[in-house]
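Participant: My structure file structure.cif, mmCIF, C-alpha atoms (C1' of nucleotides), is below:
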data_structure
loop_
_atom_site.group_PDB
_atom_site.id
_atom_site.type_symbol
_atom_site.label_atom_id
_atom_site.label_comp_id
_atom_site.auth_asym_id
_atom_site.auth_seq_id
_atom_site.Cartn_x
_atom_site.Cartn_y
_atom_site.Cartn_z
ATOM 1 C CA MET A 1 0.000 0.000 0.000
ATOM 2 C CA LEU A 2 1.393 3.336 -1.043
ATOM 3 C CA SER A 3 1.536 6.159 1.466
ATOM 4 C CA SER A 4 -0.959 8.855 0.592
ATOM 5 C CA THR A 5 1.763 11.442 0.836
ATOM 6 C CA SER A 6 4.339 9.678 -1.313
ATOM 7 C CA LYS A 7 5.315 10.938 -4.738
ATOM 8 C CA GLU A 8 4.358 7.621 -6.278
ATOM 9 C CA TYR A 9 0.863 7.819 -4.853
ATOM 10 C CA GLN A 10 0.356 11.355 -6.102
ATOM 11 C CA GLY A 11 1.626 10.335 -9.498
ATOM 12 C CA VAL A 12 -0.856 7.483 -9.629
ATOM 13 C CA LEU A 13 -3.738 9.757 -8.706
ATOM 14 C CA LYS A 14 -2.802 12.330 -11.330
ATOM 15 C CA LYS A 15 -2.554 9.606 -13.943
ATOM 16 C CA ILE A 16 -6.000 8.316 -13.059
ATOM 17 C CA ALA A 17 -7.439 11.805 -13.293
ATOM 18 C CA SER A 18 -6.057 12.296 -16.772
ATOM 19 C CA LEU A 19 -7.340 9.007 -18.106
ATOM 20 C CA ARG A 20 -9.439 9.075 -21.250
ATOM 21 C CA LYS A 21 -10.416 12.748 -21.399
ATOM 22 C CA SER A 22 -8.317 15.669 -22.582
ATOM 23 C CA PRO A 23 -8.340 19.122 -20.974
ATOM 24 C CA GLN A 24 -10.039 20.386 -24.108
ATOM 25 C CA VAL A 25 -13.004 18.096 -23.498
ATOM 26 C CA PHE A 26 -13.378 19.284 -19.910
ATOM 27 C CA SER A 27 -13.006 22.876 -20.977
ATOM 28 C CA LEU A 28 -15.691 22.613 -23.651
ATOM 29 C CA LEU A 29 -17.872 20.589 -21.324
ATOM 30 C CA ALA A 30 -17.675 23.292 -18.663
ATOM 31 C CA GLU A 31 -18.459 25.970 -21.252
ATOM 32 C CA THR A 32 -21.428 23.998 -22.494
ATOM 33 C CA PHE A 33 -22.914 23.454 -19.060
ATOM 34 C CA GLN A 34 -22.269 27.069 -18.220
ATOM 35 C CA ALA A 35 -24.260 28.082 -21.282
ATOM 36 C CA LEU A 36 -27.097 25.909 -20.027
ATOM 37 C CA GLY A 37 -26.753 27.368 -16.546
ATOM 38 C CA ASP A 38 -28.767 30.541 -16.864
ATOM 39 C CA TYR A 39 -32.451 31.099 -16.173
ATOM 40 C CA SER A 40 -33.095 32.929 -19.428
ATOM 41 C CA ARG A 41 -31.148 30.524 -21.609
ATOM 42 C CA VAL A 42 -32.597 27.387 -20.097
ATOM 43 C CA GLN A 43 -36.064 28.764 -20.845
ATOM 44 C CA ILE A 44 -35.059 29.640 -24.397
ATOM 45 C CA LEU A 45 -33.780 26.124 -24.957
ATOM 46 C CA TRP A 46 -36.895 24.652 -23.391
ATOM 47 C CA VAL A 47 -39.281 26.429 -25.745
ATOM 48 C CA LEU A 48 -37.053 25.403 -28.642
ATOM 49 C CA THR A 49 -37.576 21.747 -27.741
ATOM 50 C CA LYS A 50 -41.126 22.279 -29.040
ATOM 51 C CA GLY A 51 -39.941 23.467 -32.421
ATOM 52 C CA GLU A 52 -38.321 26.184 -34.469
ATOM 53 C CA LEU A 53 -38.976 29.763 -33.313
ATOM 54 C CA MET A 54 -38.197 33.339 -34.336
ATOM 55 C CA VAL A 55 -36.210 35.637 -32.052
ATOM 56 C CA GLY A 56 -39.084 38.040 -31.529
ATOM 57 C CA ASP A 57 -41.518 35.301 -30.631
ATOM 58 C CA ILE A 58 -39.153 33.870 -28.054
ATOM 59 C CA ALA A 59 -38.821 37.333 -26.542
ATOM 60 C CA VAL A 60 -42.606 37.761 -26.287
ATOM 61 C CA MET A 61 -43.165 34.257 -24.952
ATOM 62 C CA LEU A 62 -40.594 34.617 -22.199
ATOM 63 C CA SER A 63 -41.074 38.332 -21.505
ATOM 64 C CA LEU A 64 -37.469 39.093 -22.359
ATOM 65 C CA SER A 65 -36.117 42.009 -24.370
ATOM 66 C CA GLN A 66 -35.130 41.331 -27.969
ATOM 67 C CA PRO A 67 -31.429 42.198 -27.439
ATOM 68 C CA VAL A 68 -31.250 39.813 -24.501
ATOM 69 C CA VAL A 69 -32.690 36.960 -26.530
ATOM 70 C CA SER A 70 -30.414 37.710 -29.445
ATOM 71 C CA HIS A 71 -27.401 37.919 -27.173
ATOM 72 C CA HIS A 72 -28.154 34.594 -25.529
ATOM 73 C CA LEU A 73 -28.866 32.908 -28.841
ATOM 74 C CA ARG A 74 -25.503 34.015 -30.124
ATOM 75 C CA MET A 75 -23.801 32.382 -27.162
ATOM 76 C CA LEU A 76 -25.811 29.200 -27.641
ATOM 77 C CA ARG A 77 -25.023 29.269 -31.364
ATOM 78 C CA ASN A 78 -21.292 29.597 -30.747
ATOM 79 C CA LEU A 79 -21.390 26.455 -28.630
ATOM 80 C CA LYS A 80 -23.484 24.639 -31.234
ATOM 81 C CA LEU A 81 -26.426 24.280 -28.894
ATOM 82 C CA VAL A 82 -28.753 25.974 -31.363
ATOM 83 C CA ARG A 83 -28.617 26.720 -35.071
ATOM 84 C CA ALA A 84 -30.108 29.577 -37.053
ATOM 85 C CA ARG A 85 -31.895 29.660 -40.363
ATOM 86 C CA ARG A 86 -32.450 33.040 -41.967
ATOM 87 C CA GLN A 87 -35.509 33.774 -44.055
ATOM 88 C CA GLY A 88 -35.988 37.344 -45.161
ATOM 89 C CA ARG A 89 -35.554 39.580 -42.153
ATOM 90 C CA SER A 90 -36.411 36.799 -39.724
ATOM 91 C CA ALA A 91 -34.081 34.324 -38.016
ATOM 92 C CA TYR A 92 -35.486 30.969 -37.055
ATOM 93 C CA TYR A 93 -33.687 29.111 -34.291
ATOM 94 C CA SER A 94 -33.823 25.444 -33.331
ATOM 95 C CA LEU A 95 -31.874 23.022 -31.175
ATOM 96 C CA ASP A 96 -28.696 21.915 -32.900
ATOM 97 C CA ASP A 97 -28.618 18.222 -32.110
ATOM 98 C CA ILE A 98 -30.393 15.507 -30.164
ATOM 99 C CA HIS A 99 -27.992 15.695 -27.214
ATOM 100 C CA ILE A 100 -29.336 19.103 -26.211
ATOM 101 C CA GLU A 101 -32.865 17.906 -25.622
ATOM 102 C CA ARG A 102 -31.539 14.859 -23.781
ATOM 103 C CA LEU A 103 -29.455 17.088 -21.527
ATOM 104 C CA LEU A 104 -32.475 19.221 -20.703
ATOM 105 C CA ASN A 105 -34.682 16.227 -20.020
ATOM 106 C CA GLU A 106 -32.088 14.535 -17.848
ATOM 107 C CA GLY A 107 -31.605 17.750 -15.916
ATOM 108 C CA ILE A 108 -35.337 18.196 -15.458
ATOM 109 C CA LYS A 109 -35.639 14.653 -14.157
ATOM 110 C CA HIS A 110 -32.964 15.416 -11.587
ATOM 111 C CA VAL A 111 -34.426 18.688 -10.345
ATOM 112 C CA GLU A 112 -37.998 17.402 -10.247
ATOM 113 C CA GLU A 113 -36.811 14.834 -7.742
ATOM 114 C CA LEU A 114 -35.618 17.682 -5.533
ATOM 115 C CA ILE A 115 -39.005 19.401 -5.332
ATOM 116 C CA MET B 1 -43.777 28.380 -43.278
ATOM 117 C CA LEU B 2 -46.513 29.776 -41.098
ATOM 118 C CA SER B 3 -47.235 33.478 -41.083
ATOM 119 C CA SER B 4 -46.680 35.020 -37.666
ATOM 120 C CA THR B 5 -50.179 36.490 -37.772
ATOM 121 C CA SER B 6 -52.045 33.363 -38.839
ATOM 122 C CA LYS B 7 -54.436 31.536 -36.547
ATOM 123 C CA GLU B 8 -52.359 28.412 -36.957
ATOM 124 C CA TYR B 9 -49.184 30.132 -35.797
ATOM 125 C CA GLN B 10 -50.886 31.753 -32.836
ATOM 126 C CA GLY B 11 -52.140 28.313 -31.890
ATOM 127 C CA VAL B 12 -48.618 26.968 -31.924
ATOM 128 C CA LEU B 13 -47.416 29.740 -29.618
ATOM 129 C CA LYS B 14 -50.309 29.104 -27.276
ATOM 130 C CA LYS B 15 -49.557 25.415 -27.171
ATOM 131 C CA ILE B 16 -45.905 26.020 -26.432
ATOM 132 C CA ALA B 17 -46.806 28.489 -23.702
ATOM 133 C CA SER B 18 -48.997 25.864 -22.073
ATOM 134 C CA LEU B 19 -46.059 23.479 -21.922
ATOM 135 C CA ARG B 20 -44.060 25.832 -19.718
ATOM 136 C CA LYS B 21 -42.658 24.330 -16.555
ATOM 137 C CA SER B 22 -42.887 26.155 -13.263
ATOM 138 C CA PRO B 23 -40.354 28.905 -12.564
ATOM 139 C CA GLN B 24 -38.986 26.776 -9.753
ATOM 140 C CA VAL B 25 -38.035 23.997 -12.154
ATOM 141 C CA PHE B 26 -36.219 26.384 -14.484
ATOM 142 C CA SER B 27 -34.530 28.075 -11.575
ATOM 143 C CA LEU B 28 -33.229 24.806 -10.129
ATOM 144 C CA LEU B 29 -32.316 23.576 -13.583
ATOM 145 C CA ALA B 30 -30.246 26.685 -14.248
ATOM 146 C CA GLU B 31 -28.562 26.345 -10.853
ATOM 147 C CA THR B 32 -27.772 22.718 -11.543
ATOM 148 C CA PHE B 33 -26.242 23.358 -14.949
ATOM 149 C CA GLN B 34 -24.330 26.293 -13.542
ATOM 150 C CA ALA B 35 -22.856 23.996 -10.934
ATOM 151 C CA LEU B 36 -21.765 21.681 -13.723
ATOM 152 C CA GLY B 37 -20.391 24.607 -15.699
ATOM 153 C CA ASP B 38 -16.992 25.054 -14.150
ATOM 154 C CA TYR B 39 -13.701 23.494 -15.169
ATOM 155 C CA SER B 40 -12.785 22.437 -11.648
ATOM 156 C CA ARG B 41 -16.198 21.039 -10.775
ATOM 157 C CA VAL B 42 -16.668 19.146 -14.009
ATOM 158 C CA GLN B 43 -13.342 17.453 -13.372
ATOM 159 C CA ILE B 44 -14.319 16.659 -9.785
ATOM 160 C CA LEU B 45 -17.542 15.065 -10.981
ATOM 161 C CA TRP B 46 -15.688 13.182 -13.686
ATOM 162 C CA VAL B 47 -13.229 11.536 -11.294
ATOM 163 C CA LEU B 48 -16.173 10.670 -9.042
ATOM 164 C CA THR B 49 -17.685 8.640 -11.870
ATOM 165 C CA LYS B 50 -14.796 6.240 -11.199
ATOM 166 C CA GLY B 51 -15.940 5.773 -7.621
ATOM 167 C CA GLU B 52 -15.979 7.213 -4.139
ATOM 168 C CA LEU B 53 -13.069 9.505 -3.258
ATOM 169 C CA MET B 54 -11.741 11.512 -0.307
ATOM 170 C CA VAL B 55 -11.416 15.303 -0.489
ATOM 171 C CA GLY B 56 -7.645 15.232 -0.199
ATOM 172 C CA ASP B 57 -7.248 12.661 -2.946
ATOM 173 C CA ILE B 58 -9.401 14.677 -5.325
ATOM 174 C CA ALA B 59 -7.240 17.713 -4.602
ATOM 175 C CA VAL B 60 -4.046 15.792 -5.396
ATOM 176 C CA MET B 61 -5.496 14.168 -8.492
ATOM 177 C CA LEU B 62 -6.609 17.457 -9.989
ATOM 178 C CA SER B 63 -3.816 19.681 -8.618
ATOM 179 C CA LEU B 64 -6.290 21.829 -6.734
ATOM 180 C CA SER B 65 -6.003 23.213 -3.218
ATOM 181 C CA GLN B 66 -7.934 21.429 -0.503
ATOM 182 C CA PRO B 67 -10.134 24.457 0.347
ATOM 183 C CA VAL B 68 -11.111 24.854 -3.297
ATOM 184 C CA VAL B 69 -12.168 21.220 -3.566
ATOM 185 C CA SER B 70 -14.079 21.422 -0.306
ATOM 186 C CA HIS B 71 -15.795 24.598 -1.430
ATOM 187 C CA HIS B 72 -16.852 23.098 -4.750
ATOM 188 C CA LEU B 73 -18.030 19.911 -3.099
ATOM 189 C CA ARG B 74 -20.250 21.873 -0.763
ATOM 190 C CA MET B 75 -21.896 23.573 -3.724
ATOM 191 C CA LEU B 76 -22.360 20.231 -5.480
ATOM 192 C CA ARG B 77 -23.696 18.724 -2.263
ATOM 193 C CA ASN B 78 -26.241 21.508 -1.796
ATOM 194 C CA LEU B 79 -27.626 20.777 -5.247
ATOM 195 C CA LYS B 80 -27.671 17.042 -4.563
ATOM 196 C CA LEU B 81 -25.120 16.334 -7.266
ATOM 197 C CA VAL B 82 -22.817 14.551 -4.827
ATOM 198 C CA ARG B 83 -23.280 13.054 -1.388
ATOM 199 C CA ALA B 84 -20.810 12.725 1.470
ATOM 200 C CA ARG B 85 -20.094 9.870 3.819
ATOM 201 C CA ARG B 86 -17.972 10.605 6.843
ATOM 202 C CA GLN B 87 -15.622 8.040 8.265
ATOM 203 C CA GLY B 88 -13.396 9.202 11.071
ATOM 204 C CA ARG B 89 -11.750 12.414 9.968
ATOM 205 C CA SER B 90 -12.192 11.631 6.311
ATOM 206 C CA ALA B 91 -15.098 12.554 4.041
ATOM 207 C CA TYR B 92 -15.841 10.267 1.126
ATOM 208 C CA TYR B 93 -17.749 11.792 -1.761
ATOM 209 C CA SER B 94 -19.658 10.106 -4.565
ATOM 210 C CA LEU B 95 -22.179 11.059 -7.247
ATOM 211 C CA ASP B 96 -25.641 11.392 -5.763
ATOM 212 C CA ASP B 97 -27.801 9.743 -8.402
ATOM 213 C CA ILE B 98 -27.725 8.153 -11.823
ATOM 214 C CA HIS B 99 -28.824 11.332 -13.610
ATOM 215 C CA ILE B 100 -25.507 13.019 -12.843
ATOM 216 C CA GLU B 101 -23.414 10.507 -14.734
ATOM 217 C CA ARG B 102 -25.913 10.565 -17.593
ATOM 218 C CA LEU B 103 -25.672 14.341 -17.770
ATOM 219 C CA LEU B 104 -21.886 14.157 -17.927
ATOM 220 C CA ASN B 105 -21.918 11.459 -20.585
ATOM 221 C CA GLU B 106 -24.487 13.251 -22.712
ATOM 222 C CA GLY B 107 -22.475 16.451 -22.436
ATOM 223 C CA ILE B 108 -19.280 14.658 -23.368
ATOM 224 C CA LYS B 109 -20.957 13.144 -26.418
ATOM 225 C CA HIS B 110 -21.964 16.610 -27.517
ATOM 226 C CA VAL B 111 -18.591 18.272 -27.079
ATOM 227 C CA GLU B 112 -16.653 15.411 -28.610
ATOM 228 C CA GLU B 113 -18.592 16.042 -31.802
ATOM 229 C CA LEU B 114 -17.264 19.598 -31.784
ATOM 230 C CA ILE B 115 -13.602 18.622 -31.743
ATOM 231 C "C1'" DT C 1 -36.107 56.211 -51.730
ATOM 232 C "C1'" DC C 2 -38.304 56.286 -47.362
ATOM 233 C "C1'" DG C 3 -40.204 54.240 -43.438
ATOM 234 C "C1'" DA C 4 -41.185 50.074 -40.895
ATOM 235 C "C1'" DT C 5 -39.744 45.776 -39.191
ATOM 236 C "C1'" DA C 6 -36.558 42.043 -37.435
ATOM 237 C "C1'" DT C 7 -32.301 41.031 -35.742
ATOM 238 C "C1'" DA C 8 -27.512 41.956 -34.265
ATOM 239 C "C1'" DT C 9 -23.957 44.442 -31.894
ATOM 240 C "C1'" DA C 10 -21.571 47.608 -28.477
ATOM 241 C "C1'" DA C 11 -20.725 50.049 -24.262
ATOM 242 C "C1'" DA C 12 -21.782 50.589 -19.490
ATOM 243 C "C1'" DC C 13 -23.297 49.158 -15.241
ATOM 244 C "C1'" DA C 14 -24.294 46.203 -11.354
ATOM 245 C "C1'" DT C 15 -24.036 41.718 -9.695
ATOM 246 C "C1'" DA C 16 -22.085 37.180 -9.249
ATOM 247 C "C1'" DT C 17 -18.343 34.015 -8.696
ATOM 248 C "C1'" DA C 18 -13.794 31.337 -8.367
ATOM 249 C "C1'" DT C 19 -9.702 31.352 -6.048
ATOM 250 C "C1'" DA C 20 -6.149 32.417 -2.473
ATOM 251 C "C1'" DT C 21 -5.212 32.983 2.216
ATOM 252 C "C1'" DA C 22 -5.940 32.345 6.826
ATOM 253 C "C1'" DT C 23 -8.224 30.038 10.323
ATOM 254 C "C1'" DA C 24 -11.595 27.066 12.710
ATOM 255 C "C1'" DC C 25 -13.592 22.525 13.558
ATOM 256 C "C1'" DG C 26 -13.700 17.643 14.552
ATOM 257 C "C1'" DT C 27 -11.263 13.162 14.899
ATOM 258 C "C1'" DT C 28 -7.449 10.182 15.781
ATOM 259 C "C1'" DT C 29 -3.159 9.106 17.967
ATOM 260 C "C1'" DA C 30 0.909 9.693 20.854
ATOM 261 C "C1'" DT D 1 -4.289 16.208 26.945
ATOM 262 C "C1'" DA D 2 -1.752 17.799 23.200
ATOM 263 C "C1'" DA D 3 -0.315 17.303 18.628
ATOM 264 C "C1'" DA D 4 -1.304 15.815 14.038
ATOM 265 C "C1'" DC D 5 -4.410 15.251 10.482
ATOM 266 C "C1'" DG D 6 -8.404 15.849 7.227
ATOM 267 C "C1'" DT D 7 -11.911 18.805 6.279
ATOM 268 C "C1'" DA D 8 -14.798 23.019 6.465
ATOM 269 C "C1'" DT D 9 -15.488 27.937 6.593
ATOM 270 C "C1'" DA D 10 -14.724 33.122 6.258
ATOM 271 C "C1'" DT D 11 -13.025 37.008 4.014
ATOM 272 C "C1'" DA D 12 -10.979 39.599 0.359
ATOM 273 C "C1'" DT D 13 -10.297 40.462 -4.382
ATOM 274 C "C1'" DA D 14 -9.905 40.168 -9.159
ATOM 275 C "C1'" DT D 15 -12.464 38.547 -12.888
ATOM 276 C "C1'" DA D 16 -16.587 37.184 -15.308
ATOM 277 C "C1'" DT D 17 -21.305 37.758 -16.578
ATOM 278 C "C1'" DG D 18 -26.330 39.277 -17.495
ATOM 279 C "C1'" DT D 19 -29.052 43.077 -18.441
ATOM 280 C "C1'" DT D 20 -30.018 47.758 -19.979
ATOM 281 C "C1'" DT D 21 -29.661 51.311 -23.262
ATOM 282 C "C1'" DA D 22 -28.487 52.902 -27.547
ATOM 283 C "C1'" DT D 23 -27.286 52.120 -32.129
ATOM 284 C "C1'" DA D 24 -26.267 49.453 -36.380
ATOM 285 C "C1'" DT D 25 -27.413 46.268 -40.168
ATOM 286 C "C1'" DA D 26 -30.552 44.229 -43.314
ATOM 287 C "C1'" DT D 27 -34.942 43.214 -45.574
ATOM 288 C "C1'" DC D 28 -39.530 44.306 -47.119
ATOM 289 C "C1'" DG D 29 -43.429 47.250 -48.526
ATOM 290 C "C1'" DA D 30 -45.359 51.807 -50.022
#
Can you dump the structure from the file as structure tokens?

Facilitator:
Amino acid sequence: MLSSTSKEYQGVLKKIASLRKSPQVFSLLAETFQALGDYSRVQILWVLTKGELMVGDIAVMLSLSQPVVSHHLRMLRNLKLVRARRQGRSAYYSLDDIHIERLLNEGIKHVEELI
Amino acid sequence: MLSSTSKEYQGVLKKIASLRKSPQVFSLLAETFQALGDYSRVQILWVLTKGELMVGDIAVMLSLSQPVVSHHLRMLRNLKLVRARRQGRSAYYSLDDIHIERLLNEGIKHVEELI
DNA sequence: TCGATATATAAACATATATATATACGTTTA
DNA sequence: TAAACGTATATATATATGTTTATATATCGA
């Protein structure tokens, strides 16, 4: 049994920690969860699980200002959580891939057990 | 494409509005994702997917100070993302429920598609 | 072209947050 | 009991972040 203060032990622990996932993955993962971790954005994503929506409609539905919605959508777009489709002067947003809805649903399951 | 003034479109908005969750759910959901949205905490949760660990070992594994790890664990504990088991002067932490690992895995799937 | 509409961007402000440092608390052991 | 050990907490501070306000860009209709 290695002493918990020995260099060998610390080396083993660090090696275990670095197994399988690169710092880039953790960094992007943290950014992604952080993007999900805002009251306005989580609502925006939730209404988008029901289908494609225009910026202005999201703003009305959630009682948010248009610049706020646009700002948040840009952040979500940069992280590939939503995608935009332009038609005329409108921009239609939708969830980018299936993982996003799964993340929301899994999160909702967790929090609904807390209430 | 539906016109934003058509009866059909208004019906869609109404339907989506009726699917809104309570503010409490969104609030807790945002808090939960925010807790996941930090480089240190996402690493802490990741190493905990390998099994129960002591505070000090997590600190060594991730090259973090002990107070930082303890601080993050308290936040994760408050949101029921991890649970603690005390044995003597040690505190063993583990993931609280199955949703947490699923959230991490779903998030990892998403970000690994970005790289 | 002019005005109206829809969205995007920028600067400023107030608030929130992660970390470092120091210290306190509780348990085991000499 | 005292010292050692593992963990928790408190405070300070620098940085990050969400919202507001104002303005810019782009498209459509008159």

Participant: Rounded to one decimal place, report the atom CA of B:Leu104-atom CA of A:Ser40 distance in Å.

Facilitator: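 Computing it gives 21.9 Å between the two atoms.
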
Participant: Should the cut-off be 9 Å, what would the residue list for chain D against chain A look like, counting all atoms listed in the file, as a short mmCIF file (atom, residue, chain, number, x, y, z; two decimals) with C-alpha atoms (C1' of nucleotides), in the coordinates of the input?

Facilitator:
data_model
loop_
_atom_site.label_atom_id
_atom_site.label_comp_id
_atom_site.auth_asym_id
_atom_site.auth_seq_id
_atom_site.Cartn_x
_atom_site.Cartn_y
_atom_site.Cartn_z
"C1'" DG D 18 -26.33 39.28 -17.50
"C1'" DT D 19 -29.05 43.08 -18.44
"C1'" DA D 26 -30.55 44.23 -43.31
"C1'" DT D 27 -34.94 43.21 -45.57
"C1'" DC D 28 -39.53 44.31 -47.12
#

Participant: With the cut-off set at 8 Å and counting only C-alpha atoms, tabulate each residue of chain B with an atom at most that distance from an atom of chain A, showing the nearest atom pair and its distance in Å to one decimal, ordered by chain and increasing number, as a Markdown table.

Facilitator:
| residue | atom | partner | partner_atom | distance |
| --- | --- | --- | --- | --- |
| B:Leu13 | CA | A:Met61 | CA | 7.8 |
| B:Ile16 | CA | A:Lys50 | CA | 6.6 |
| B:Ala17 | CA | A:Met61 | CA | 6.9 |
| B:Arg20 | CA | A:Val47 | CA | 7.7 |
| B:Val25 | CA | A:Val111 | CA | 6.7 |
| B:Phe26 | CA | A:Tyr39 | CA | 6.3 |
| B:Ser27 | CA | A:Tyr39 | CA | 5.9 |
| B:Leu28 | CA | A:Val111 | CA | 6.2 |
| B:Leu29 | CA | A:Val111 | CA | 6.2 |
| B:Ala30 | CA | A:Gly37 | CA | 4.2 |
| B:Glu31 | CA | A:Gly37 | CA | 6.1 |
| B:Thr32 | CA | A:Gly37 | CA | 6.9 |
| B:Phe33 | CA | A:Gly37 | CA | 4.3 |
| B:Gln34 | CA | A:Gly37 | CA | 4.0 |
| B:Ala35 | CA | A:Gly37 | CA | 7.6 |
| B:Leu36 | CA | A:Phe33 | CA | 5.7 |
| B:Gly37 | CA | A:Gln34 | CA | 4.0 |
| B:Asp38 | CA | A:Ala30 | CA | 4.9 |
| B:Tyr39 | CA | A:Ala30 | CA | 5.3 |
| B:Val42 | CA | A:Ala30 | CA | 6.3 |
| B:Gln43 | CA | A:Phe26 | CA | 6.8 |
| B:Val47 | CA | A:Ala17 | CA | 6.1 |
| B:Asp57 | CA | A:Leu13 | CA | 7.3 |
| B:Val60 | CA | A:Gln10 | CA | 6.3 |
| B:Met61 | CA | A:Lys14 | CA | 4.3 |
| B:Leu62 | CA | A:Lys14 | CA | 6.5 |
| B:Ser63 | CA | A:Lys14 | CA | 7.9 |
| B:His99 | CA | A:His110 | CA | 6.2 |
| B:Ile100 | CA | A:His110 | CA | 7.9 |
| B:Arg102 | CA | A:Glu106 | CA | 7.3 |
| B:Leu103 | CA | A:Leu103 | CA | 6.0 |
| B:Glu106 | CA | A:His99 | CA | 6.2 |
| B:Gly107 | CA | A:Leu29 | CA | 6.3 |
| B:Ile108 | CA | A:Leu29 | CA | 6.4 |
| B:Lys109 | CA | A:His99 | CA | 7.5 |
| B:His110 | CA | A:His99 | CA | 6.1 |
| B:Val111 | CA | A:Leu28 | CA | 6.2 |
| B:Glu112 | CA | A:Val25 | CA | 6.8 |

Participant: Those same residues - C-alpha atoms - I'd like them written as a short mmCIF file (atom, residue, chain, number, x, y, z; two decimals), keeping the file's coordinate frame.

Facilitator:
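Heads up, here's the output in selection_28.cif:
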data_model
loop_
_atom_site.label_atom_id
_atom_site.label_comp_id
_atom_site.auth_asym_id
_atom_site.auth_seq_id
_atom_site.Cartn_x
_atom_site.Cartn_y
_atom_site.Cartn_z
CA LEU B 13 -47.42 29.74 -29.62
CA ILE B 16 -45.90 26.02 -26.43
CA ALA B 17 -46.81 28.49 -23.70
CA ARG B 20 -44.06 25.83 -19.72
CA VAL B 25 -38.03 24.00 -12.15
CA PHE B 26 -36.22 26.38 -14.48
CA SER B 27 -34.53 28.08 -11.58
CA LEU B 28 -33.23 24.81 -10.13
CA LEU B 29 -32.32 23.58 -13.58
CA ALA B 30 -30.25 26.68 -14.25
CA GLU B 31 -28.56 26.34 -10.85
CA THR B 32 -27.77 22.72 -11.54
CA PHE B 33 -26.24 23.36 -14.95
CA GLN B 34 -24.33 26.29 -13.54
CA ALA B 35 -22.86 24.00 -10.93
CA LEU B 36 -21.76 21.68 -13.72
CA GLY B 37 -20.39 24.61 -15.70
CA ASP B 38 -16.99 25.05 -14.15
CA TYR B 39 -13.70 23.49 -15.17
CA VAL B 42 -16.67 19.15 -14.01
CA GLN B 43 -13.34 17.45 -13.37
CA VAL B 47 -13.23 11.54 -11.29
CA ASP B 57 -7.25 12.66 -2.95
CA VAL B 60 -4.05 15.79 -5.40
CA MET B 61 -5.50 14.17 -8.49
CA LEU B 62 -6.61 17.46 -9.99
CA SER B 63 -3.82 19.68 -8.62
CA HIS B 99 -28.82 11.33 -13.61
CA ILE B 100 -25.51 13.02 -12.84
CA ARG B 102 -25.91 10.56 -17.59
CA LEU B 103 -25.67 14.34 -17.77
CA GLU B 106 -24.49 13.25 -22.71
CA GLY B 107 -22.48 16.45 -22.44
CA ILE B 108 -19.28 14.66 -23.37
CA LYS B 109 -20.96 13.14 -26.42
CA HIS B 110 -21.96 16.61 -27.52
CA VAL B 111 -18.59 18.27 -27.08
CA GLU B 112 -16.65 15.41 -28.61
#

Participant: Give me the RMSD in Å over all C-alpha atoms, paired in order, after least-squares superposition of chain A onto chain B.

Facilitator: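 The optimal C-alpha superposition leaves an RMSD of 2.4 Å.
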
Participant: I would like the residues chosen by the PyMOL selection byres ((chain C and resi 12-20) around 8) on the shown file; could you give them as JSON, numbers by chain?

Facilitator: {"B": [68], "C": [11, 21], "D": [16, 17]}

Participant: Any idea which chain C residues end up within 10 Å of chain A if we count all atoms listed in the file, as a ChimeraX atom specification please?

Facilitator: /C:5-9

Participant: What's the separation between atom CA of B:Ile44 and atom C1' of D:DT9, in Å to one decimal place?

Facilitator: 19.9 Å

Participant: Quick one: pull the distance between atom CA of A:Arg85 and atom CA of A:Val69, Å, one decimal.

Facilitator: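 Atom CA of A:Val69 lies at a distance of 15.7 Å from atom CA of A:Arg85.
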
Participant: Build an axis-aligned box that encloses every atom of stretch 2-16 of chain C listed in the file, pad it by 3 Å on each side, and report its centre and edge lengths in Å to one decimal, as lines of an AutoDock Vina configuration file.

Facilitator:
center_x = -31.0
center_y = 46.7
center_z = -28.3
size_x = 26.5
size_y = 25.1
size_z = 44.1

Participant: Go through the shown structure with the PyMOL selection byres ((chain C and resi 29) around 12) and write out the matching residues as a PyMOL selection string.

Facilitator: (chain C and resi 27-28+30) or (chain D and resi 1-5)
